[in-house]
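Working notes, structure below.
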Amino acid sequence: MSRVKRSIRAGDLSEVISLIHDYEETVYGKVQTSLKMIRDLVLKTGREDKVGLWIHDVLKGVSFLTHRDHRLPSLLLTVRDKGTEGYIEDLIESLIESGKRWKAGSAEEKSIIISANTPEERTAFEKAGFSAGRHWHQMSRELTGMSVPDDPYLVRPFIPGSDEHALYEAYETIFADHYDYHPSTWEEFNQRFFTPEVSTDQWLLMIDKENVIGFVLSRADDETRIGEISHLGMKREWRRRGLGRQLLRRTFDGLHRAGMTHAALLVDSDSPTRAALLYKKAGMTIQRTFTRYDLSL
């Protein structure tokens with residue numbers, strides 16, 4: 001058959017790696033995803049939630065759907081040629097089918113969320129009923145040796161086996177006023193953040209009188225040499241004091257010592273805490289902007 005759409009298998013890994021890296025080179029200008037991350041995506045995503053599209057035995061696109069509370073974060077990437085929009089439309093059907101399966105097993109609302117980086121993606125997502133949400137920036141900065149000033153509050157590494165509940169309580173308090181916040185139970189939070197695959201080596205807590213008032217969660221990728229900052233939060237009453245910037249400088253220093261050449265993160269361009277401005281003041285620049293699309297099921 002000239003056109004085959006099926007579940008991605010372990011034996012397809014090399015083709016998936018090639019497609020994702022080619023896409024990143026073309027759209028982002030450089031490879032951003034490590035081999036380990038792609039391998040985990042292929043091997044750990046449920047069979048019905050990972051789909052590839054082959055045309056004349058050439059992989060033209062992939063889609064992956066994952067699960068996080070009420071959100072179903074998804075990835076859809078295709079080669080860029082004259083058939084691009086058709087590939088995207090075909091794979092969107094698979095994403096929606098996967099999402100409906102997750103919805104069928106849950107009493108709560110479910111929404112597929114996905115990012116659009118190209119005009120073809122935006123057109124196809126909107127045609128399929130997705131709604132454009134917020135615009136997000138990918139920001140980064142080069143890491144070099146830097147002086148780290150004394151902090152007015154204690155900043156220390158996260159201690160596994162001791163700090164889990166304190167981090168959970170701080171996280172739920174800090175992000176309650178952020179876009180698309182969804183309360184998590186301790187069990188949900190624990191399952192999301194504290195797994196064998198998640199390293200806490202680059203996590204930092206800011207402490208005032210034994211209470212966690214802020215934190216940064218980041219990880220070092222030895223393959224790409226990019227330190228990814230996934231979460232930075234500060235309790236409301238401690239904001240606007242420069243403490244977030246100090247936490248960032250501590251993080252940059254730790255990532256540099258771990259051998260990272262760059263630090264990167266994603267930020268909501270309309271964040272109520274003006275997070276993008278904080279990151280700019282810390283020396284980070286916008287590398288690209290993309291649109292988040294949502295489809296409620």
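Starting from 1 in every chain, residues are counted up; chains themselves are A, B, ... following the order of the structure tokens, and ligands are numbered from 1 as listed.
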If you count only C-alpha atoms, which residues fall within 8 Å of region 200-205 of chain A, apart from same-chain ones fewer than 3 positions away, as a list in words?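 So, after excluding close chain neighbours, the residues are Val155, Arg156, Pro157, Phe158, Pro160, Val212, Ile213, Gly214, Phe215, Val216, Leu217, Ser218, Arg219, Ala220, Leu247, Thr251, Gly254 and Leu255 of chain A.
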Hey, which of A:Ser162, A:Thr173, A:Gln138, A:Thr285 ends up closest to Leu266 (chain A)? Count only C-alpha atoms.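 Of A:Ser162, A:Thr173, A:Gln138, A:Thr285, the one nearest Leu266 (chain A), counting only C-alpha atoms, is A:Gln138.
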Between A:Gly29, A:Met234, A:Arg71, A:Glu228, single out the one closest to Tyr181 (chain A), counting only C-alpha atoms.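 Distance minimum relative to Tyr181 (chain A) lands on A:Arg71.
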Within 12 Å of region 36-53 of chain A, which residues of region 201-233 of chain A come that close, and what is the closest atom pair and distance in Å for each? Count only C-alpha atoms and give it as a Markdown table.
```
| residue | atom | partner | partner_atom | distance |
| --- | --- | --- | --- | --- |
| A:Asp221 | CA | A:Lys36 | CA | 9.4 |
| A:Asp222 | CA | A:Lys36 | CA | 10.2 |
| A:Glu223 | CA | A:Lys36 | CA | 8.4 |
| A:Thr224 | CA | A:Lys36 | CA | 10.2 |
```
Export of the given selection (C-alpha atoms) as a PDB file, in the first residue's frame:
```pdb
ATOM      1  CA  ASP A 221      20.563  17.297  29.381  1.00  0.00           C
ATOM      2  CA  ASP A 222      24.040  15.881  28.856  1.00  0.00           C
ATOM      3  CA  GLU A 223      23.303  15.152  25.195  1.00  0.00           C
ATOM      4  CA  THR A 224      22.065  18.557  23.999  1.00  0.00           C
TER       5      THR A 224
END
```
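Within region 154-187 of chain A, the backbone-based DSSP assignment of strand (DSSP E) covers Leu154, Val155, Arg156 and Pro157 of chain A.
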Name all residues at most 12 Å from Ala276 (chain A) (count only C-alpha atoms; drop same-chain ones fewer than 2 positions away) and give them as a ChimeraX atom specification. /A:135-140,232,244-245,265-274,278-286,289
Rank A:Asp57, A:Glu24, A:Glu164, A:Glu126 by their smallest atom-to-atom distance to Arg192 (chain A), using only C-alpha atoms, and report the top residue only. A:Glu164
Measure the distance from CA of Thr118 (chain A) to CA of Ser74 (chain A) in Å and round it to one decimal.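 One can read the CA of Thr118 (chain A) to CA of Ser74 (chain A) distance as 15.8 Å.
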One number please: CA of Gly61 (chain A) to CA of Ser131 (chain A), in Å, one decimal. 22.0 Å
Would you list the contacts of Gly161 (chain A) as a ChimeraX atom specification, taking every protein, DNA or RNA residue within 12 Å and counting only C-alpha atoms, but skipping same-chain residues closer than 5 positions in sequence? /A:166-167,190,194,200
